[in-house]
file coords.tsv (TSV, C-alpha atoms)
chain	number	residue	atom	x	y	z
E	1	MET	CA	110.53	1.24	-15.58
E	2	VAL	CA	109.23	3.16	-12.55
E	3	GLU	CA	105.54	3.70	-11.96
E	4	ALA	CA	105.74	7.43	-11.22
E	5	LEU	CA	108.22	10.23	-11.82
E	6	VAL	CA	107.53	13.31	-9.70
E	7	ALA	CA	109.24	16.45	-10.99
E	8	GLY	CA	109.20	20.16	-10.27
E	9	HIS	CA	109.33	22.22	-7.11
E	10	ILE	CA	111.17	21.16	-3.97
E	11	CYS	CA	112.23	23.08	-0.85
E	12	LEU	CA	113.17	22.72	2.80
E	13	ASP	CA	110.24	23.31	5.16
E	14	ILE	CA	111.04	24.88	8.53
E	15	ILE	CA	108.00	24.40	10.79
E	16	PRO	CA	108.17	26.15	14.18
E	17	GLY	CA	106.35	24.42	17.04
E	18	PHE	CA	103.82	26.88	18.44
E	19	LEU	CA	102.81	26.73	22.09
E	20	GLY	CA	99.10	27.49	22.16
E	21	LYS	CA	97.42	30.51	20.58
E	22	VAL	CA	99.68	33.10	18.95
E	23	ALA	CA	99.16	36.74	18.04
E	24	PHE	CA	101.73	38.21	15.65
E	25	ASP	CA	102.34	41.72	17.01
E	26	PRO	CA	105.23	43.89	15.71
E	27	GLY	CA	108.19	44.12	18.08
E	28	ARG	CA	107.11	41.13	20.17
E	29	LEU	CA	109.26	38.07	20.85
E	30	ILE	CA	107.16	34.91	20.59
E	31	GLU	CA	108.49	31.82	22.33
E	32	VAL	CA	108.03	28.67	20.28
E	33	GLY	CA	108.88	25.00	20.65
E	34	GLU	CA	111.30	22.83	18.73
E	35	ALA	CA	111.26	23.35	14.97
E	36	MET	CA	110.56	20.47	12.63
E	37	LEU	CA	112.60	20.25	9.44
E	38	SER	CA	111.08	18.47	6.49
E	39	THR	CA	111.17	18.68	2.75
E	40	GLY	CA	108.37	20.54	1.01
E	41	GLY	CA	107.05	21.15	-2.47
E	42	ALA	CA	105.38	18.75	-4.87
E	43	VAL	CA	108.49	16.65	-5.56
E	44	SER	CA	109.01	15.95	-1.89
E	45	ASN	CA	105.44	15.81	-0.63
E	46	THR	CA	103.72	13.90	-3.42
E	47	GLY	CA	106.83	11.90	-4.26
E	48	GLN	CA	107.51	10.66	-0.74
E	49	ALA	CA	103.82	9.97	-0.17
E	50	LEU	CA	103.67	7.83	-3.32
E	51	HIS	CA	106.75	5.94	-2.12
E	52	LYS	CA	105.13	5.31	1.26
E	53	LEU	CA	101.98	4.11	-0.52
E	54	GLY	CA	103.99	1.42	-2.31
E	55	ILE	CA	104.41	3.10	-5.71
E	56	GLU	CA	107.84	2.74	-7.31
E	57	THR	CA	108.76	6.41	-7.57
E	58	SER	CA	111.65	8.53	-8.80
E	59	LEU	CA	112.11	12.23	-8.08
E	60	CYS	CA	113.50	15.09	-10.14
E	61	GLY	CA	114.11	18.49	-8.58
E	62	LYS	CA	116.84	21.09	-8.21
E	63	VAL	CA	118.76	22.09	-5.07
E	64	GLY	CA	121.74	24.29	-4.36
E	65	GLN	CA	125.16	23.14	-3.20
E	66	ASP	CA	124.49	24.42	0.32
E	67	LEU	CA	123.37	23.30	3.78
E	68	PHE	CA	119.68	23.44	2.90
E	69	GLY	CA	120.33	21.36	-0.21
E	70	ASP	CA	122.25	18.80	1.85
E	71	ALA	CA	119.36	18.65	4.34
E	72	ILE	CA	116.82	18.11	1.55
E	73	ARG	CA	118.75	15.16	0.14
E	74	GLN	CA	119.34	13.64	3.58
E	75	ILE	CA	115.65	13.81	4.46
E	76	LEU	CA	114.67	12.17	1.17
E	77	GLU	CA	117.13	9.34	1.82
E	78	ARG	CA	115.57	8.70	5.23
E	79	THR	CA	112.25	8.01	3.52
E	80	GLY	CA	113.73	5.69	0.92
E	81	GLU	CA	117.24	4.79	-0.13
E	82	GLY	CA	117.96	6.28	-3.54
E	83	LEU	CA	115.10	8.81	-3.51
E	84	SER	CA	117.56	11.71	-3.66
E	85	GLN	CA	119.40	10.41	-6.73
E	86	GLY	CA	117.28	12.47	-9.13
E	87	MET	CA	118.08	15.74	-7.38
E	88	LYS	CA	120.14	18.08	-9.54
E	89	VAL	CA	122.73	19.95	-7.47
E	90	SER	CA	123.37	23.43	-8.83
E	91	PRO	CA	126.60	25.09	-7.58
E	92	GLY	CA	126.31	28.81	-6.97
E	93	GLU	CA	122.53	28.74	-6.50
E	94	ALA	CA	120.57	28.75	-3.26
E	95	SER	CA	118.22	25.96	-2.28
E	96	SER	CA	114.58	26.86	-1.81
E	97	TYR	CA	113.11	27.05	1.69
E	98	THR	CA	109.76	27.78	3.30
E	99	VAL	CA	108.94	28.87	6.84
E	100	VAL	CA	105.58	27.21	7.50
E	101	ILE	CA	103.26	28.91	9.99
E	102	SER	CA	101.00	26.00	10.92
E	103	LEU	CA	98.67	26.73	13.84
E	104	SER	CA	96.36	24.06	15.21
E	105	GLY	CA	92.86	24.39	13.78
E	106	GLU	CA	93.85	27.04	11.23
E	107	ASP	CA	95.01	26.94	7.63
E	108	ARG	CA	98.74	27.33	7.17
E	109	MET	CA	100.72	30.37	5.96
E	110	PHE	CA	104.07	30.36	4.17
E	111	LEU	CA	107.18	32.52	3.91
E	112	HIS	CA	108.77	31.14	0.75
E	113	ALA	CA	112.09	31.63	-1.06
E	114	PRO	CA	111.99	29.89	-4.48
E	115	GLY	CA	115.76	29.59	-4.83
E	116	CYS	CA	116.97	27.45	-7.73
E	117	ASN	CA	113.44	26.26	-8.50
E	118	ASP	CA	113.34	29.44	-10.58
E	119	THR	CA	116.00	28.10	-12.97
E	120	PHE	CA	114.44	24.63	-13.43
E	121	VAL	CA	113.55	24.04	-17.11
E	122	ALA	CA	112.05	21.25	-19.19
E	123	ALA	CA	115.49	19.92	-20.14
E	124	ASP	CA	116.16	19.13	-16.47
E	125	VAL	CA	113.87	16.10	-17.00
E	126	SER	CA	115.63	13.78	-19.44
E	127	ASP	CA	114.07	11.84	-22.29
E	128	GLU	CA	115.37	8.69	-20.61
E	129	ALA	CA	113.46	9.48	-17.42
E	130	LEU	CA	110.26	10.18	-19.34
E	131	ALA	CA	110.58	7.04	-21.44
E	132	ASN	CA	111.06	4.94	-18.34
E	133	THR	CA	108.04	5.99	-16.29
E	134	LYS	CA	104.36	5.17	-16.61
E	135	LEU	CA	103.31	8.57	-15.27
E	136	ILE	CA	104.95	11.94	-14.73
E	137	HIS	CA	103.49	14.23	-12.10
E	138	PHE	CA	104.72	17.81	-12.43
E	139	GLY	CA	104.13	20.13	-9.52
E	140	TYR	CA	104.06	23.86	-8.90
E	141	PRO	CA	105.07	25.65	-12.12
E	142	THR	CA	103.46	28.60	-10.34
E	143	LEU	CA	106.53	28.77	-8.04
E	144	MET	CA	109.13	28.23	-10.78
E	145	ALA	CA	109.91	31.38	-12.79
E	146	SER	CA	111.32	29.64	-15.86
E	147	MET	CA	108.32	27.29	-16.05
E	148	PHE	CA	105.71	30.06	-16.25
E	149	ALA	CA	107.73	32.56	-18.32
E	150	ASP	CA	106.83	33.05	-22.00
E	151	ASP	CA	103.26	31.82	-21.46
E	152	GLY	CA	104.43	28.59	-19.87
E	153	ALA	CA	106.57	27.50	-22.83
E	154	GLU	CA	108.84	25.30	-20.68
E	155	THR	CA	105.90	23.55	-19.00
E	156	VAL	CA	104.29	22.97	-22.39
E	157	ALA	CA	107.56	21.59	-23.74
E	158	LEU	CA	107.94	19.18	-20.83
E	159	LEU	CA	104.41	17.77	-20.91
E	160	LYS	CA	104.32	17.61	-24.71
E	161	ARG	CA	107.59	15.66	-24.73
E	162	ALA	CA	106.27	13.35	-22.00
E	163	LYS	CA	103.18	12.58	-24.09
E	164	THR	CA	105.30	11.97	-27.19
E	165	LEU	CA	107.37	9.47	-25.19
E	166	GLY	CA	104.23	7.64	-24.01
E	167	ALA	CA	103.94	8.78	-20.38
E	168	THR	CA	100.66	9.71	-18.70
E	169	THR	CA	100.84	13.33	-17.50
E	170	SER	CA	99.63	14.84	-14.23
E	171	LEU	CA	99.79	18.51	-13.24
E	172	ASP	CA	99.45	20.27	-9.90
E	173	VAL	CA	99.66	24.00	-9.28
E	174	SER	CA	99.83	26.25	-6.24
E	175	LEU	CA	98.35	29.66	-5.59
E	176	PRO	CA	101.09	32.18	-6.44
E	177	ASP	CA	101.92	35.35	-4.61
E	178	ILE	CA	99.28	37.57	-6.18
E	179	ARG	CA	101.57	40.60	-5.95
E	180	GLY	CA	104.57	38.83	-7.48
E	181	ALA	CA	105.54	37.94	-11.05
E	182	ALA	CA	103.72	34.61	-10.91
E	183	GLY	CA	100.56	36.28	-9.67
E	184	LYS	CA	100.66	38.70	-12.60
E	185	ALA	CA	101.22	35.98	-15.20
E	186	ASN	CA	98.43	35.15	-17.65
E	187	TRP	CA	97.45	31.81	-16.15
E	188	LEU	CA	94.37	31.44	-18.29
E	189	GLY	CA	96.55	31.73	-21.37
E	190	ILE	CA	99.17	29.40	-19.89
E	191	LEU	CA	96.58	26.72	-19.12
E	192	GLU	CA	95.16	27.04	-22.61
E	193	GLN	CA	98.61	25.97	-23.84
E	194	VAL	CA	99.35	23.38	-21.13
E	195	LEU	CA	96.07	21.50	-20.58
E	196	PRO	CA	95.95	19.85	-24.03
E	197	TYR	CA	98.97	17.83	-22.86
E	198	THR	CA	97.59	17.21	-19.34
E	199	ASP	CA	95.84	13.92	-18.58
E	200	LEU	CA	95.14	14.65	-14.90
E	201	PHE	CA	94.76	18.24	-13.67
E	202	LEU	CA	94.74	18.51	-9.88
E	203	PRO	CA	94.16	22.07	-8.59
E	204	SER	CA	92.47	23.36	-5.46
E	205	VAL	CA	89.20	25.31	-5.66
E	206	GLU	CA	91.07	28.55	-5.04
E	207	GLU	CA	93.73	27.82	-7.68
E	208	LEU	CA	91.12	26.82	-10.24
E	209	HIS	CA	89.15	30.01	-9.64
E	210	PHE	CA	92.22	32.28	-9.68
E	211	MET	CA	93.56	30.81	-12.92
E	212	LEU	CA	90.37	30.41	-14.94
E	213	ASP	CA	88.39	33.48	-13.83
E	214	ARG	CA	90.77	36.00	-12.32
E	215	PRO	CA	88.39	38.99	-12.65
E	216	SER	CA	85.87	37.39	-10.26
E	217	TYR	CA	88.46	35.90	-7.89
E	218	ASP	CA	88.05	36.82	-4.22
E	219	PRO	CA	90.02	34.72	-1.71
E	220	ASN	CA	87.33	35.33	0.89
E	221	ASP	CA	84.70	33.61	-1.25
E	222	THR	CA	86.53	30.34	-1.90
E	223	ASP	CA	85.08	28.37	1.00
E	224	GLU	CA	81.59	29.47	0.00
E	225	MET	CA	81.84	28.71	-3.71
E	226	SER	CA	78.80	26.78	-4.85
E	227	VAL	CA	79.00	23.24	-6.15
E	228	GLU	CA	77.60	24.40	-9.48
E	229	ARG	CA	80.32	27.04	-9.80
E	230	ILE	CA	83.03	24.46	-9.10
E	231	ARG	CA	81.45	22.18	-11.70
E	232	GLU	CA	81.39	25.04	-14.20
E	233	LEU	CA	85.10	25.81	-13.73
E	234	THR	CA	85.98	22.12	-13.92
E	235	GLN	CA	84.07	21.72	-17.18
E	236	ARG	CA	85.97	24.71	-18.51
E	237	ALA	CA	89.31	23.07	-17.64
E	238	MET	CA	88.22	19.89	-19.42
E	239	SER	CA	87.08	21.86	-22.48
E	240	MET	CA	90.61	23.32	-22.59
E	241	GLY	CA	92.09	19.84	-22.81
E	242	ALA	CA	92.41	18.26	-19.36
E	243	LYS	CA	91.02	14.72	-19.40
E	244	VAL	CA	90.44	14.14	-15.68
E	245	VAL	CA	90.14	16.98	-13.16
E	246	ALA	CA	90.25	16.50	-9.39
E	247	VAL	CA	89.56	19.64	-7.36
E	248	LYS	CA	90.77	19.79	-3.77
E	249	ALA	CA	88.04	21.55	-1.81
E	250	GLY	CA	89.56	21.71	1.68
E	251	SER	CA	87.16	20.69	4.43
E	252	ARG	CA	84.53	19.89	1.78
E	253	GLY	CA	86.59	17.05	0.32
E	254	LEU	CA	87.38	16.24	-3.30
E	255	TYR	CA	85.41	16.84	-6.51
E	256	LEU	CA	86.35	14.51	-9.37
E	257	ALA	CA	85.25	14.58	-13.00
E	258	GLY	CA	86.31	12.85	-16.20
E	259	ARG	CA	85.67	13.58	-19.86
E	260	GLN	CA	83.68	11.17	-21.98
E	261	ASP	CA	86.65	10.73	-24.31
E	262	LEU	CA	89.64	9.46	-22.34
E	263	SER	CA	91.69	8.12	-25.20
E	264	GLY	CA	95.44	8.67	-25.48
E	265	LEU	CA	96.22	8.58	-21.76
E	266	GLY	CA	99.60	6.91	-22.10
E	267	ARG	CA	101.15	4.00	-20.25
E	268	ALA	CA	99.28	4.54	-16.98
E	269	THR	CA	95.80	3.96	-18.36
E	270	PRO	CA	93.55	2.19	-15.80
E	271	THR	CA	92.08	-1.13	-16.83
E	272	CYS	CA	88.68	0.15	-15.60
E	273	LEU	CA	88.84	3.18	-17.91
E	274	ALA	CA	85.15	2.90	-18.84
E	275	GLU	CA	84.21	3.76	-15.24
E	276	TRP	CA	86.28	6.96	-15.42
E	277	GLN	CA	84.67	8.15	-18.64
E	278	GLY	CA	82.10	10.80	-17.77
E	279	ALA	CA	82.53	10.17	-14.04
E	280	GLU	CA	81.40	12.93	-11.70
E	281	LEU	CA	81.53	12.55	-7.94
E	282	TRP	CA	82.31	14.27	-4.67
E	283	ALA	CA	84.10	12.51	-1.81
E	284	PRO	CA	83.73	14.03	1.68
E	285	CYS	CA	86.63	14.36	4.11
E	286	PHE	CA	87.33	11.66	6.65
E	287	GLN	CA	87.06	12.87	10.24
E	288	ILE	CA	90.33	13.41	12.14
E	289	GLU	CA	91.98	15.50	14.85
E	290	VAL	CA	93.86	18.11	12.79
E	291	ALA	CA	97.48	18.73	13.81
E	292	GLY	CA	98.34	20.73	10.67
E	293	THR	CA	97.36	21.06	7.04
E	294	THR	CA	100.85	21.29	5.51
E	295	GLY	CA	101.07	18.99	2.49
E	296	ALA	CA	97.43	17.89	2.69
E	297	GLY	CA	96.78	18.65	-0.97
E	298	ASP	CA	99.94	16.87	-2.10
E	299	ALA	CA	99.04	13.81	-0.02
E	300	THR	CA	95.53	13.83	-1.49
E	301	ILE	CA	97.07	13.83	-4.96
E	302	ALA	CA	99.38	10.96	-4.01
E	303	GLY	CA	96.37	8.93	-2.88
E	304	LEU	CA	94.59	9.62	-6.16
E	305	LEU	CA	97.63	8.81	-8.32
E	306	MET	CA	98.25	5.62	-6.34
E	307	ALA	CA	94.65	4.59	-7.00
E	308	TRP	CA	94.96	5.47	-10.70
E	309	LEU	CA	98.14	3.39	-11.02
E	310	ARG	CA	96.49	0.51	-9.11
E	311	ASN	CA	93.51	0.48	-11.52
E	312	MET	CA	90.90	1.55	-8.97
E	313	PRO	CA	87.52	2.84	-10.20
E	314	PRO	CA	86.76	6.52	-9.48
E	315	ILE	CA	84.70	6.04	-6.30
E	316	GLN	CA	87.46	4.02	-4.63
E	317	ALA	CA	90.10	6.39	-6.02
E	318	ALA	CA	88.38	9.45	-4.54
E	319	LYS	CA	88.10	7.72	-1.17
E	320	ALA	CA	91.78	6.77	-1.30
E	321	ALA	CA	92.68	10.39	-2.07
E	322	THR	CA	90.68	11.87	0.79
E	323	ALA	CA	91.88	9.17	3.21
E	324	ILE	CA	95.56	9.89	2.54
E	325	GLY	CA	94.95	13.64	2.69
E	326	ALA	CA	93.20	13.28	6.04
E	327	ALA	CA	95.91	11.04	7.51
E	328	CYS	CA	98.52	13.59	6.49
E	329	CYS	CA	96.74	16.26	8.57
E	330	GLU	CA	97.15	14.20	11.73
E	331	ARG	CA	100.80	15.30	11.85
E	332	PRO	CA	102.15	18.86	11.52
E	333	ASP	CA	104.48	18.17	8.58
E	334	ALA	CA	103.73	17.02	5.04
E	335	VAL	CA	104.92	13.41	5.07
E	336	THR	CA	105.14	11.63	8.44
E	337	GLY	CA	101.36	11.25	8.74
E	338	VAL	CA	101.07	9.44	5.39
E	339	PRO	CA	100.40	5.73	6.09
E	340	SER	CA	100.91	2.71	3.91
E	341	TRP	CA	97.95	1.96	1.67
E	342	ALA	CA	97.28	-1.25	3.63
E	343	GLU	CA	96.94	0.79	6.86
E	344	ALA	CA	94.67	3.36	5.24
E	345	GLU	CA	92.53	0.71	3.57
E	346	GLU	CA	92.10	-1.15	6.86
E	347	ARG	CA	91.01	2.07	8.55
E	348	ILE	CA	88.43	2.75	5.82
E	349	HIS	CA	87.05	-0.79	6.00
E	350	ALA	CA	86.86	-0.51	9.80
E	351	GLY	CA	84.31	2.30	9.41
E	352	TRP	CA	86.43	5.45	9.46
E	353	PRO	CA	83.71	8.14	9.71
E	354	SER	CA	83.50	10.90	7.15
E	355	ALA	CA	81.94	14.34	7.27
E	356	ALA	CA	78.32	14.82	6.27
E	357	LEU	CA	77.88	15.99	2.69
E	358	ASP	CA	74.48	16.88	1.24
E	359	LEU	CA	74.67	18.14	-2.35
E	360	GLY	CA	70.99	17.90	-3.19
E	361	ALA	CA	68.66	15.69	-5.22
E	362	ASP	CA	70.96	15.50	-8.24
E	363	TRP	CA	73.48	13.46	-6.25
E	364	GLU	CA	73.27	9.86	-5.02
E	365	LEU	CA	75.29	8.54	-2.07
E	366	ILE	CA	77.18	5.39	-3.12
E	367	ASP	CA	79.70	3.77	-0.76
E	368	GLY	CA	80.12	7.03	1.15
E	369	VAL	CA	80.69	9.13	-1.99
E	370	CYS	CA	78.20	11.49	-3.66
E	371	VAL	CA	77.79	10.53	-7.32
E	372	ARG	CA	75.98	12.85	-9.70
E	373	ALA	CA	73.02	11.22	-11.41
E	374	ALA	CA	73.15	11.05	-15.19
E	375	SER	CA	71.15	13.86	-16.77

call {"tool": "encode", "arguments": {"input": "coords.tsv", "output": "structure tokens"}}
result
Amino acid sequence: MVEALVAGHICLDIIPGFLGKVAFDPGRLIEVGEAMLSTGGAVSNTGQALHKLGIETSLCGKVGQDLFGDAIRQILERTGEGLSQGMKVSPGEASSYTVVISLSGEDRMFLHAPGCNDTFVAADVSDEALANTKLIHFGYPTLMASMFADDGAETVALLKRAKTLGATTSLDVSLPDIRGAAGKANWLGILEQVLPYTDLFLPSVEELHFMLDRPSYDPNDTDEMSVERIRELTQRAMSMGAKVVAVKAGSRGLYLAGRQDLSGLGRATPTCLAEWQGAELWAPCFQIEVAGTTGAGDATIAGLLMAWLRNMPPIQAAKAATAIGAACCERPDAVTGVPSWAEAEERIHAGWPSAALDLGADWELIDGVCVRAAS
């Protein structure tokens, strides 16, 4: 039995190397440096990060029988022998790719072609795979047309079957193209169907806002969203069924909350479960020199899932998540910056500084993490 099965979206990332500041003007040729090729998407980013963190991991994604598909499988094999074995090769379909515009000191932009991710369905993850993993992490149904069609019926079917077979379930999403089919989908309705079968829900602030309160969503307000508003949206997600919610808040770190009732979590239930029940805390970012933010959220999730599988209490788990997310940002791609857990832990214990975080009198600083006082 493996510890984690990571399924869902996978693509080839093409990351141009930019030489200083860039202005994108129509008709202009912009000279760039050597491109970096890496795999992208939740299967690649979170899956490879978990592998590097020492978690026995299997991957399940879909690629085409083409050069991009060959490159995806080759890159996975470089990280770990056998990591590409779960890739389903689909003749006649195109592999997904993303051109990543990652400028130093700025958030990244993407030009994305979903390819055969759009035809991935629940049946692409076998009962055998689900019965032989402690935890399944499913990533990016927002970029997979068949997984969000019909009010997310395929995503519901997958997570419901995983729960029936005893696996702990984890779900990550991405912000869809607001003008595309995914952006027009009823994500509130989809989550109402999906979250009852979701043990760990791991969105960003922006994704949480877009999906749970679309009428008030403004992408320009995300960085300024109040702590109380983030708490309100998180409580809403838990009332819909999610048992633990971790919200990636960019430069503000990670907000983590757990329901009081955490029964029925499946095979990957932490031995320190009592400490997760009713937990509410906010971990600040560790300070680094940012080379790029590609894959930072996926790496943060990998750190959190590693901690969950290693029975860490929530304070240590949140620190592990933000540490791995920060280390990822020290390299321009999504995976090469991810260290082993021993390396990250040594860096934390050596006094790795974190950003200042003052949330007010209702929060107490414990071991570098803000913990909300019981009301």

call {"tool": "atom_distance", "arguments": {"input": "coords.tsv", "atom1": "atom CA of Pro176 of chain E", "atom2": "atom CA of Arg108 of chain E"}}
result
14.6 Å

call {"tool": "atom_distance", "arguments": {"input": "coords.tsv", "atom1": "atom CA of Val22 of chain E", "atom2": "atom CA of Leu103 of chain E"}}
result
8.2 Å

call {"tool": "closest_atom_pairs", "arguments": {"input": "coords.tsv", "of": "segment 93-205 of chain E", "to": "segment 2-7 of chain E", "cutoff": "6 Å", "atoms": "all atoms listed in the file", "output": "Markdown table"}}
result
| residue | atom | partner | partner_atom | distance |
| --- | --- | --- | --- | --- |
| E:Thr133 | CA | E:Val2 | CA | 4.8 |
| E:Lys134 | CA | E:Glu3 | CA | 5.0 |
| E:Leu135 | CA | E:Ala4 | CA | 4.9 |
| E:Ile136 | CA | E:Leu5 | CA | 4.7 |
| E:His137 | CA | E:Val6 | CA | 4.8 |
| E:Phe138 | CA | E:Ala7 | CA | 4.9 |

call {"tool": "axis_aligned_box", "arguments": {"input": "coords.tsv", "around": "segment 86-91 of chain E", "padding_each_side": "4 Å", "output": "lines of an AutoDock Vina configuration file"}}
result
center_x = 121.9
center_y = 18.8
center_z = -8.5
size_x = 17.3
size_y = 20.6
size_z = 10.2

call {"tool": "closest_residue", "arguments": {"input": "coords.tsv", "among": "E:Ala268, E:Ala299, E:Val125, E:Leu158", "to": "Gly86 of chain E", "atoms": "only C-alpha atoms"}}
result
E:Val125

call {"tool": "residues_near_point", "arguments": {"input": "coords.tsv", "point": "(94.3, 29.2, 10.5)", "cutoff": "12 Å", "atoms": "only C-alpha atoms", "output": "list in words"}}
result
Lys21, Val22, Ala23, Val100, Ile101, Ser102, Leu103, Ser104, Gly105, Glu106, Asp107, Arg108, Met109, Phe110, Val290, Ala291, Gly292, Thr293 and Thr294 of chain E

call {"tool": "closest_residue", "arguments": {"input": "coords.tsv", "among": "E:Cys370, E:Pro314, E:Ser96, E:Asn220", "to": "Leu111 of chain E", "atoms": "all atoms listed in the file"}}
result
E:Ser96

call {"tool": "residues_near_point", "arguments": {"input": "coords.tsv", "point": "(92.3, 17.9, -5.2)", "cutoff": "9 Å", "atoms": "only C-alpha atoms", "output": "ChimeraX atom specification"}}
result
/E:172,201-205,245-250,253-256,297-298,300-301,304,321-322

call {"tool": "closest_residue", "arguments": {"input": "coords.tsv", "among": "E:Ser251, E:Trp308, E:Val338, E:Pro332", "to": "Ser354 of chain E", "atoms": "only C-alpha atoms"}}
result
E:Ser251

call {"tool": "residues_around", "arguments": {"input": "coords.tsv", "residues": "Gly360 of chain E", "least_positions_apart": "6", "cutoff": "12 Å", "atoms": "only C-alpha atoms", "output": "JSON, numbers by chain"}}
result
{"E": [226, 227, 228, 282, 370, 371, 372, 373]}

call {"tool": "atom_distance", "arguments": {"input": "coords.tsv", "atom1": "atom CA of Asp221 of chain E", "atom2": "atom CA of Glu206 of chain E"}}
result
9.0 Å

call {"tool": "closest_residue", "arguments": {"input": "coords.tsv", "among": "E:Thr269, E:Ser239, E:Gln85, E:Thr46", "to": "Cys328 of chain E", "atoms": "all atoms listed in the file"}}
result
E:Thr46

call {"tool": "closest_residue", "arguments": {"input": "coords.tsv", "among": "E:Ala242, E:Leu76, E:Leu19, E:Ala302", "to": "Gly264 of chain E", "atoms": "all atoms listed in the file"}}
result
E:Ala242

call {"tool": "closest_residue", "arguments": {"input": "coords.tsv", "among": "E:Gly80, E:Gly368, E:Pro26, E:Pro114", "to": "Leu50 of chain E", "atoms": "all atoms listed in the file"}}
result
E:Gly80

call {"tool": "decode", "arguments": {"input": "coords.tsv", "residues": "segment 130-157 of chain E", "atoms": "C-alpha atoms", "output": "PDB file, in the first residue's frame"}}
result
ATOM      1  CA  LEU E 130      -7.937   3.558  -4.294  1.00  0.00           C
ATOM      2  CA  ALA E 131      -7.955   0.459  -2.117  1.00  0.00           C
ATOM      3  CA  ASN E 132      -4.174   0.463  -1.966  1.00  0.00           C
ATOM      4  CA  THR E 133      -3.515   4.024  -0.827  1.00  0.00           C
ATOM      5  CA  LYS E 134      -3.922   5.720   2.532  1.00  0.00           C
ATOM      6  CA  LEU E 135      -4.791   9.059   0.936  1.00  0.00           C
ATOM      7  CA  ILE E 136      -5.883  10.274  -2.490  1.00  0.00           C
ATOM      8  CA  HIS E 137      -5.155  13.865  -3.417  1.00  0.00           C
ATOM      9  CA  PHE E 138      -7.142  15.024  -6.443  1.00  0.00           C
ATOM     10  CA  GLY E 139      -6.056  18.218  -8.119  1.00  0.00           C
ATOM     11  CA  TYR E 140      -7.543  20.774 -10.478  1.00  0.00           C
ATOM     12  CA  PRO E 141     -11.013  19.572 -11.539  1.00  0.00           C
ATOM     13  CA  THR E 142     -11.369  23.228 -12.548  1.00  0.00           C
ATOM     14  CA  LEU E 143      -9.062  22.520 -15.535  1.00  0.00           C
ATOM     15  CA  MET E 144     -10.639  19.181 -16.499  1.00  0.00           C
ATOM     16  CA  ALA E 145     -13.865  19.541 -18.510  1.00  0.00           C
ATOM     17  CA  SER E 146     -15.266  16.091 -17.760  1.00  0.00           C
ATOM     18  CA  MET E 147     -14.645  16.510 -14.024  1.00  0.00           C
ATOM     19  CA  PHE E 148     -16.699  19.706 -13.678  1.00  0.00           C
ATOM     20  CA  ALA E 149     -19.438  18.857 -16.207  1.00  0.00           C
ATOM     21  CA  ASP E 150     -22.895  17.878 -14.921  1.00  0.00           C
ATOM     22  CA  ASP E 151     -22.359  19.697 -11.608  1.00  0.00           C
ATOM     23  CA  GLY E 152     -19.120  17.846 -10.927  1.00  0.00           C
ATOM     24  CA  ALA E 153     -20.667  14.363 -11.154  1.00  0.00           C
ATOM     25  CA  GLU E 154     -17.342  12.701 -12.065  1.00  0.00           C
ATOM     26  CA  THR E 155     -15.480  14.381  -9.194  1.00  0.00           C
ATOM     27  CA  VAL E 156     -18.238  13.364  -6.786  1.00  0.00           C
ATOM     28  CA  ALA E 157     -18.102   9.797  -8.096  1.00  0.00           C
TER      29      ALA E 157
END
